[in-house]
Amino acid sequence: MAAIAPGRRRRAHRVLALVMLPLLIVMPRAVAEPQVIISAHSEQTLAALLAERNKAQPDQRAQVISAGFLGTPYGANTLIGSAAEPEQLVVDLDAVDCFTYADYVEALKRSSDRKHFLSALRTVRYGDGVVDFTHRKHFFTDWAAVKPAIATDITDTLGADTVRITKNLNDKGSGAVYLPGIPVIPREITYLPASAVDDTVVRGLRTGDYLGAYAVDDGLDVTHVGIFVNTPDGPVFRNASSLPADNKVVDTPLSDYLATVPGIVVLRPVQ
């Protein structure tokens, strides 16, 4: 065996030392699953809704699941989280407002069991599924604007009379904001004036489309959200209504609802 020159021996020792070092693998940090805030009664309701969802054909799920909430009491401020309070993953099926109602219906459509529902709810309610107040989709059009989008804004395809306007969402004016801790978001909003929603427009809607009542205020995109459903008695706006006469999830004839709003924004869920 040939001798190794001193300089080469030192290099060989360094190589051998590197080879002998323990292999260190940097693993990604585990992200803790968020705590789920859900009552025993909501657990029972969730199980029942999932069972109905799984019996329904895919093209019937929006109608079946949204109908399962009819009569559910209206409840505001059920979510937990703010700029000063840690966000919690809340599932409250005992009382819903218009936005949480839409959250739950869309998440249930995408889920076959409880685990999938919780995952889908995070995707529907939060950008990138991150349960955090700053990631929460506070505005209706976030569903189409925040990636990955869970819906497509189809308003512009429904009629030639659509209106486009650039808004500064969350800007309350005079330096104030609606949601402290959330930035002002410039966004182009397209809406269809209520007076332009004729039979041709209605025929272009599908059961399960989400309708937002266009907001005149520059800092908001919509003031209310509901679901379009074609029923045997005609098209309805299925929504969690805070009106004293309702105070629950109800079906409002679409024509009656359109008479009360300046226009609509329409989002169609991504399949």
# chains A, B, ... in the order shown; residues from 1 in each chain; ligands from 1
>>> closest_atom_pairs(of="segment 178-248 of chain A", to="segment 101-117 of chain A", cutoff="12 Å", atoms="only C-alpha atoms", output="tab-separated table")
residue	atom	partner	partner_atom	distance
A:Gly208	CA	A:Glu106	CA	8.9
A:Asp209	CA	A:Glu106	CA	10.4
A:Tyr210	CA	A:Ala102	CA	7.9
A:Leu211	CA	A:Ala102	CA	10.2
A:Gly212	CA	A:Ala102	CA	10.8
A:His224	CA	A:Ala102	CA	10.7
A:Val225	CA	A:Ala102	CA	7.6
A:Gly226	CA	A:Ala102	CA	7.0
A:Ile227	CA	A:Ala102	CA	7.6
A:Phe228	CA	A:Ala102	CA	11.3
A:Arg238	CA	A:Tyr101	CA	10.0
A:Asn239	CA	A:Tyr101	CA	7.8
A:Ala240	CA	A:Tyr101	CA	6.8
A:Ser241	CA	A:Tyr101	CA	10.4
A:Lys248	CA	A:Tyr101	CA	10.6
>>> closest_atom_pairs(of="segment 165-268 of chain A", to="segment 68-91 of chain A", cutoff="12 Å", atoms="only C-alpha atoms", output="JSON lines")
{"residue": "A:Tyr178", "atom": "CA", "partner": "A:Ser82", "partner_atom": "CA", "distance": 11.9}
{"residue": "A:Leu179", "atom": "CA", "partner": "A:Ala83", "partner_atom": "CA", "distance": 8.4}
{"residue": "A:Pro180", "atom": "CA", "partner": "A:Ala83", "partner_atom": "CA", "distance": 6.4}
{"residue": "A:Gly181", "atom": "CA", "partner": "A:Ala83", "partner_atom": "CA", "distance": 5.0}
{"residue": "A:Ile182", "atom": "CA", "partner": "A:Ala83", "partner_atom": "CA", "distance": 8.0}
{"residue": "A:Pro183", "atom": "CA", "partner": "A:Ala83", "partner_atom": "CA", "distance": 11.4}
{"residue": "A:Ile227", "atom": "CA", "partner": "A:Phe69", "partner_atom": "CA", "distance": 11.8}
{"residue": "A:Phe237", "atom": "CA", "partner": "A:Leu70", "partner_atom": "CA", "distance": 11.9}
{"residue": "A:Arg238", "atom": "CA", "partner": "A:Leu70", "partner_atom": "CA", "distance": 8.3}
{"residue": "A:Asn239", "atom": "CA", "partner": "A:Leu70", "partner_atom": "CA", "distance": 8.6}
{"residue": "A:Ala240", "atom": "CA", "partner": "A:Tyr74", "partner_atom": "CA", "distance": 5.9}
{"residue": "A:Ser241", "atom": "CA", "partner": "A:Tyr74", "partner_atom": "CA", "distance": 6.5}
{"residue": "A:Ser242", "atom": "CA", "partner": "A:Tyr74", "partner_atom": "CA", "distance": 6.1}
{"residue": "A:Leu243", "atom": "CA", "partner": "A:Tyr74", "partner_atom": "CA", "distance": 9.2}
{"residue": "A:Pro244", "atom": "CA", "partner": "A:Tyr74", "partner_atom": "CA", "distance": 10.1}
{"residue": "A:Ala245", "atom": "CA", "partner": "A:Tyr74", "partner_atom": "CA", "distance": 11.5}
{"residue": "A:Asp246", "atom": "CA", "partner": "A:Tyr74", "partner_atom": "CA", "distance": 8.5}
{"residue": "A:Asn247", "atom": "CA", "partner": "A:Tyr74", "partner_atom": "CA", "distance": 5.1}
{"residue": "A:Lys248", "atom": "CA", "partner": "A:Pro73", "partner_atom": "CA", "distance": 4.1}
{"residue": "A:Val249", "atom": "CA", "partner": "A:Leu70", "partner_atom": "CA", "distance": 4.9}
{"residue": "A:Val250", "atom": "CA", "partner": "A:Leu70", "partner_atom": "CA", "distance": 5.7}
{"residue": "A:Asp251", "atom": "CA", "partner": "A:Leu70", "partner_atom": "CA", "distance": 7.8}
{"residue": "A:Thr252", "atom": "CA", "partner": "A:Leu70", "partner_atom": "CA", "distance": 11.4}
>>> closest_atom_pairs(of="segment 117-137 of chain A", to="segment 32-36 of chain A", cutoff="12 Å", atoms="only C-alpha atoms", output="JSON lines")
{"residue": "A:Phe117", "atom": "CA", "partner": "A:Val36", "partner_atom": "CA", "distance": 11.7}
{"residue": "A:Leu118", "atom": "CA", "partner": "A:Val36", "partner_atom": "CA", "distance": 8.5}
{"residue": "A:Ser119", "atom": "CA", "partner": "A:Glu33", "partner_atom": "CA", "distance": 10.2}
{"residue": "A:Leu121", "atom": "CA", "partner": "A:Val36", "partner_atom": "CA", "distance": 11.1}
{"residue": "A:Arg122", "atom": "CA", "partner": "A:Pro34", "partner_atom": "CA", "distance": 9.8}
{"residue": "A:Gly129", "atom": "CA", "partner": "A:Pro34", "partner_atom": "CA", "distance": 10.7}
{"residue": "A:Val130", "atom": "CA", "partner": "A:Pro34", "partner_atom": "CA", "distance": 9.2}
{"residue": "A:Val131", "atom": "CA", "partner": "A:Pro34", "partner_atom": "CA", "distance": 7.1}
{"residue": "A:Asp132", "atom": "CA", "partner": "A:Pro34", "partner_atom": "CA", "distance": 9.7}
>>> closest_residue(among="A:Asp171, A:Asp221, A:Asp92, A:Asp198", to="Thr45 of chain A", atoms="only C-alpha atoms")
A:Asp92
>>> atom_distance(atom1="atom CA of Ser42 of chain A", atom2="atom CA of Thr100 of chain A")
13.7 Å
>>> select_by_dssp(residues="segment 62-267 of chain A", states="alpha helix (DSSP H)", output="JSON list (two decimals) with C-alpha atoms, in the first residue's frame")
[["chain", "number", "residue", "atom", "x", "y", "z"],
["A", 62, "ALA", "CA", -75.92, 23.11, -1.51],
["A", 63, "GLN", "CA", -79.71, 22.92, -1.32],
["A", 64, "VAL", "CA", -79.79, 20.12, 1.25],
["A", 65, "ILE", "CA", -77.13, 21.52, 3.57],
["A", 66, "SER", "CA", -78.38, 25.12, 3.47],
["A", 67, "ALA", "CA", -81.94, 23.88, 4.14],
["A", 98, "CYS", "CA", -74.92, 35.71, 7.53],
["A", 99, "PHE", "CA", -71.17, 35.15, 7.16],
["A", 100, "THR", "CA", -70.77, 32.20, 9.52],
["A", 101, "TYR", "CA", -73.82, 30.59, 7.90],
["A", 102, "ALA", "CA", -72.07, 30.80, 4.52],
["A", 103, "ASP", "CA", -68.84, 29.48, 6.09],
["A", 104, "TYR", "CA", -70.53, 26.42, 7.52],
["A", 105, "VAL", "CA", -72.56, 25.59, 4.41],
["A", 106, "GLU", "CA", -69.53, 25.82, 2.13],
["A", 107, "ALA", "CA", -67.32, 23.82, 4.50],
["A", 108, "LEU", "CA", -69.96, 21.11, 4.88],
["A", 109, "LYS", "CA", -70.34, 20.80, 1.12],
["A", 114, "ARG", "CA", -65.79, 15.80, 11.04],
["A", 115, "LYS", "CA", -62.05, 15.87, 10.34],
["A", 116, "HIS", "CA", -62.58, 17.00, 6.76],
["A", 117, "PHE", "CA", -65.12, 19.58, 7.91],
["A", 118, "LEU", "CA", -62.68, 21.22, 10.33],
["A", 119, "SER", "CA", -60.01, 21.31, 7.63],
["A", 120, "ALA", "CA", -62.46, 22.73, 5.08],
["A", 121, "LEU", "CA", -63.71, 25.35, 7.53],
["A", 122, "ARG", "CA", -60.16, 26.58, 8.01],
["A", 123, "THR", "CA", -59.75, 26.86, 4.24],
["A", 124, "VAL", "CA", -63.08, 28.65, 3.80],
["A", 125, "ARG", "CA", -62.74, 31.05, 6.74],
["A", 142, "ASP", "CA", -62.09, 37.70, 0.06],
["A", 143, "TRP", "CA", -63.50, 34.34, -1.01],
["A", 144, "ALA", "CA", -62.50, 35.17, -4.58],
["A", 145, "ALA", "CA", -59.56, 37.52, -3.95],
["A", 199, "ASP", "CA", -85.33, 36.99, -15.60],
["A", 200, "THR", "CA", -82.28, 36.55, -17.82],
["A", 201, "VAL", "CA", -79.96, 37.26, -14.90],
["A", 202, "VAL", "CA", -81.86, 34.94, -12.60],
["A", 203, "ARG", "CA", -81.65, 32.13, -15.17],
["A", 254, "LEU", "CA", -85.50, 36.84, -4.26],
["A", 255, "SER", "CA", -87.60, 39.60, -5.78],
["A", 256, "ASP", "CA", -88.63, 40.81, -2.32],
["A", 257, "TYR", "CA", -85.03, 40.95, -1.17],
["A", 258, "LEU", "CA", -83.78, 42.72, -4.29]]
>>> residues_around(residues="segment 260-271 of chain A", least_positions_apart="6", cutoff="9 Å", atoms="only C-alpha atoms", output="ChimeraX atom specification")
/A:106,110,140-141,143-144,149-156,158,189-197,205-206,208-216,221-222
>>> write_last_selection(atoms="N, CA and C atoms", output="JSON list (two decimals), in the first residue's frame")
[["chain", "number", "residue", "atom", "x", "y", "z"],
["A", 106, "GLU", "N", -70.58, 26.13, 3.10],
["A", 106, "GLU", "CA", -69.53, 25.82, 2.13],
["A", 106, "GLU", "C", -68.58, 24.76, 2.65],
["A", 110, "ARG", "N", -67.94, 20.51, 1.28],
["A", 110, "ARG", "CA", -66.62, 19.98, 0.92],
["A", 110, "ARG", "C", -66.18, 18.81, 1.81],
["A", 140, "PHE", "N", -66.62, 39.64, 2.12],
["A", 140, "PHE", "CA", -67.24, 38.65, 1.24],
["A", 140, "PHE", "C", -66.37, 38.35, 0.03],
["A", 141, "THR", "N", -65.85, 39.40, -0.62],
["A", 141, "THR", "CA", -65.05, 39.20, -1.83],
["A", 141, "THR", "C", -63.69, 38.58, -1.55],
["A", 143, "TRP", "N", -63.36, 35.71, -0.54],
["A", 143, "TRP", "CA", -63.50, 34.34, -1.01],
["A", 143, "TRP", "C", -62.95, 34.18, -2.42],
["A", 144, "ALA", "N", -63.03, 35.23, -3.22],
["A", 144, "ALA", "CA", -62.50, 35.17, -4.58],
["A", 144, "ALA", "C", -61.11, 35.79, -4.69],
["A", 149, "ALA", "N", -58.35, 30.75, -3.99],
["A", 149, "ALA", "CA", -59.75, 31.18, -4.03],
["A", 149, "ALA", "C", -60.68, 30.00, -3.83],
["A", 150, "ILE", "N", -61.74, 30.22, -3.07],
["A", 150, "ILE", "CA", -62.75, 29.17, -2.92],
["A", 150, "ILE", "C", -64.00, 29.49, -3.73],
["A", 151, "ALA", "N", -64.01, 30.65, -4.38],
["A", 151, "ALA", "CA", -65.14, 31.03, -5.22],
["A", 151, "ALA", "C", -64.64, 31.96, -6.32],
["A", 152, "THR", "N", -65.46, 32.08, -7.36],
["A", 152, "THR", "CA", -65.17, 32.96, -8.48],
["A", 152, "THR", "C", -66.22, 34.04, -8.53],
["A", 153, "ASP", "N", -65.79, 35.27, -8.71],
["A", 153, "ASP", "CA", -66.74, 36.38, -8.85],
["A", 153, "ASP", "C", -67.29, 36.35, -10.27],
["A", 154, "ILE", "N", -68.57, 35.99, -10.41],
["A", 154, "ILE", "CA", -69.19, 35.87, -11.74],
["A", 154, "ILE", "C", -70.12, 37.04, -12.04],
["A", 155, "THR", "N", -70.12, 38.06, -11.19],
["A", 155, "THR", "CA", -71.06, 39.17, -11.34],
["A", 155, "THR", "C", -71.01, 39.76, -12.74],
["A", 156, "ASP", "N", -69.80, 39.94, -13.26],
["A", 156, "ASP", "CA", -69.62, 40.61, -14.55],
["A", 156, "ASP", "C", -70.16, 39.79, -15.71],
["A", 158, "LEU", "N", -73.09, 38.22, -15.69],
["A", 158, "LEU", "CA", -74.54, 38.06, -15.58],
["A", 158, "LEU", "C", -75.36, 39.10, -16.34],
["A", 189, "ILE", "N", -64.54, 46.36, -7.06],
["A", 189, "ILE", "CA", -65.77, 45.62, -6.81],
["A", 189, "ILE", "C", -66.69, 45.78, -8.01],
["A", 190, "THR", "N", -67.25, 44.68, -8.47],
["A", 190, "THR", "CA", -68.24, 44.71, -9.55],
["A", 190, "THR", "C", -69.58, 44.31, -8.95],
["A", 191, "TYR", "N", -70.59, 45.11, -9.22],
["A", 191, "TYR", "CA", -71.93, 44.76, -8.73],
["A", 191, "TYR", "C", -72.96, 44.97, -9.83],
["A", 192, "LEU", "N", -74.06, 44.28, -9.67],
["A", 192, "LEU", "CA", -75.17, 44.39, -10.61],
["A", 192, "LEU", "C", -76.29, 45.14, -9.91],
["A", 193, "PRO", "N", -76.69, 46.32, -10.40],
["A", 193, "PRO", "CA", -77.77, 47.05, -9.75],
["A", 193, "PRO", "C", -79.03, 46.19, -9.64],
["A", 194, "ALA", "N", -79.72, 46.31, -8.53],
["A", 194, "ALA", "CA", -80.91, 45.48, -8.30],
["A", 194, "ALA", "C", -81.93, 45.65, -9.42],
["A", 195, "SER", "N", -82.04, 46.86, -9.95],
["A", 195, "SER", "CA", -83.00, 47.12, -11.02],
["A", 195, "SER", "C", -82.67, 46.38, -12.31],
["A", 196, "ALA", "N", -81.42, 45.92, -12.44],
["A", 196, "ALA", "CA", -80.99, 45.21, -13.64],
["A", 196, "ALA", "C", -81.11, 43.69, -13.51],
["A", 197, "VAL", "N", -81.53, 43.21, -12.34],
["A", 197, "VAL", "CA", -81.65, 41.77, -12.13],
["A", 197, "VAL", "C", -83.00, 41.31, -12.69],
["A", 205, "LEU", "N", -78.18, 32.24, -12.68],
["A", 205, "LEU", "CA", -77.76, 31.85, -11.33],
["A", 205, "LEU", "C", -78.00, 30.37, -11.10],
["A", 206, "ARG", "N", -77.21, 29.79, -10.20],
["A", 206, "ARG", "CA", -77.35, 28.38, -9.85],
["A", 206, "ARG", "C", -77.60, 28.27, -8.35],
["A", 208, "GLY", "N", -76.84, 27.47, -4.87],
["A", 208, "GLY", "CA", -75.54, 27.39, -4.22],
["A", 208, "GLY", "C", -74.66, 28.59, -4.49],
["A", 209, "ASP", "N", -75.07, 29.46, -5.45],
["A", 209, "ASP", "CA", -74.34, 30.72, -5.63],
["A", 209, "ASP", "C", -74.53, 31.59, -4.39],
["A", 210, "TYR", "N", -73.49, 32.33, -4.04],
["A", 210, "TYR", "CA", -73.57, 33.24, -2.88],
["A", 210, "TYR", "C", -73.82, 34.66, -3.37],
["A", 211, "LEU", "N", -74.83, 35.30, -2.80],
["A", 211, "LEU", "CA", -75.19, 36.66, -3.17],
["A", 211, "LEU", "C", -74.86, 37.61, -2.03],
["A", 212, "GLY", "N", -74.15, 38.68, -2.35],
["A", 212, "GLY", "CA", -73.87, 39.72, -1.37],
["A", 212, "GLY", "C", -74.62, 40.98, -1.73],
["A", 213, "ALA", "N", -75.19, 41.64, -0.73],
["A", 213, "ALA", "CA", -75.91, 42.90, -0.95],
["A", 213, "ALA", "C", -74.88, 44.02, -1.04],
["A", 214, "TYR", "N", -74.75, 44.62, -2.20],
["A", 214, "TYR", "CA", -73.74, 45.65, -2.43],
["A", 214, "TYR", "C", -73.86, 46.77, -1.40],
["A", 215, "ALA", "N", -72.68, 47.18, -0.87],
["A", 215, "ALA", "CA", -72.64, 48.25, 0.13],
["A", 215, "ALA", "C", -72.29, 49.58, -0.53],
["A", 216, "VAL", "N", -73.04, 50.61, -0.20],
["A", 216, "VAL", "CA", -72.75, 51.95, -0.71],
["A", 216, "VAL", "C", -71.49, 52.50, -0.05],
["A", 221, "ASP", "N", -67.60, 45.91, 1.08],
["A", 221, "ASP", "CA", -68.01, 45.40, -0.23],
["A", 221, "ASP", "C", -69.50, 45.06, -0.24],
["A", 222, "VAL", "N", -69.96, 44.39, 0.82],
["A", 222, "VAL", "CA", -71.38, 44.05, 0.93],
["A", 222, "VAL", "C", -71.82, 44.25, 2.38]]
>>> closest_residue(among="A:Asp233, A:Asp217, A:Glu188, A:Glu43", to="Leu93 of chain A", atoms="only C-alpha atoms")
A:Glu43
>>> select_by_dssp(residues="segment 25-159 of chain A", states="strand (DSSP E or B)", output="list in words")
Val36, Ile37, Ile38, Pro73, Tyr74, Leu89, Val90, Val91, Val96, Tyr126, Arg136, Ala151, Thr152 and Asp153 of chain A
>>> closest_residue(among="A:Leu220, A:Asp94, A:Pro148, A:Val184", to="Ala40 of chain A", atoms="only C-alpha atoms")
A:Asp94
>>> residues_around(residues="Gly234 of chain A", least_positions_apart="4", cutoff="9 Å", atoms="only C-alpha atoms", output="ChimeraX atom specification")
/A:229-230,253-254
>>> write_last_selection(atoms="N, CA, C and O atoms", output="short mmCIF file (atom, residue, chain, number, x, y, z; two decimals), in the first residue's frame")
data_model
loop_
_atom_site.label_atom_id
_atom_site.label_comp_id
_atom_site.auth_asym_id
_atom_site.auth_seq_id
_atom_site.Cartn_x
_atom_site.Cartn_y
_atom_site.Cartn_z
N VAL A 229 -81.17 29.93 -4.03
CA VAL A 229 -81.72 28.58 -4.14
C VAL A 229 -82.96 28.63 -5.03
O VAL A 229 -83.86 29.44 -4.81
N ASN A 230 -82.97 27.76 -6.02
CA ASN A 230 -84.16 27.60 -6.85
C ASN A 230 -85.08 26.60 -6.16
O ASN A 230 -84.69 25.45 -5.94
N PRO A 253 -88.20 35.46 -0.64
CA PRO A 253 -88.33 35.51 -2.10
C PRO A 253 -87.30 36.47 -2.68
O PRO A 253 -87.13 37.58 -2.19
N LEU A 254 -86.60 36.04 -3.72
CA LEU A 254 -85.50 36.84 -4.26
C LEU A 254 -85.97 38.23 -4.68
O LEU A 254 -85.30 39.23 -4.40
#
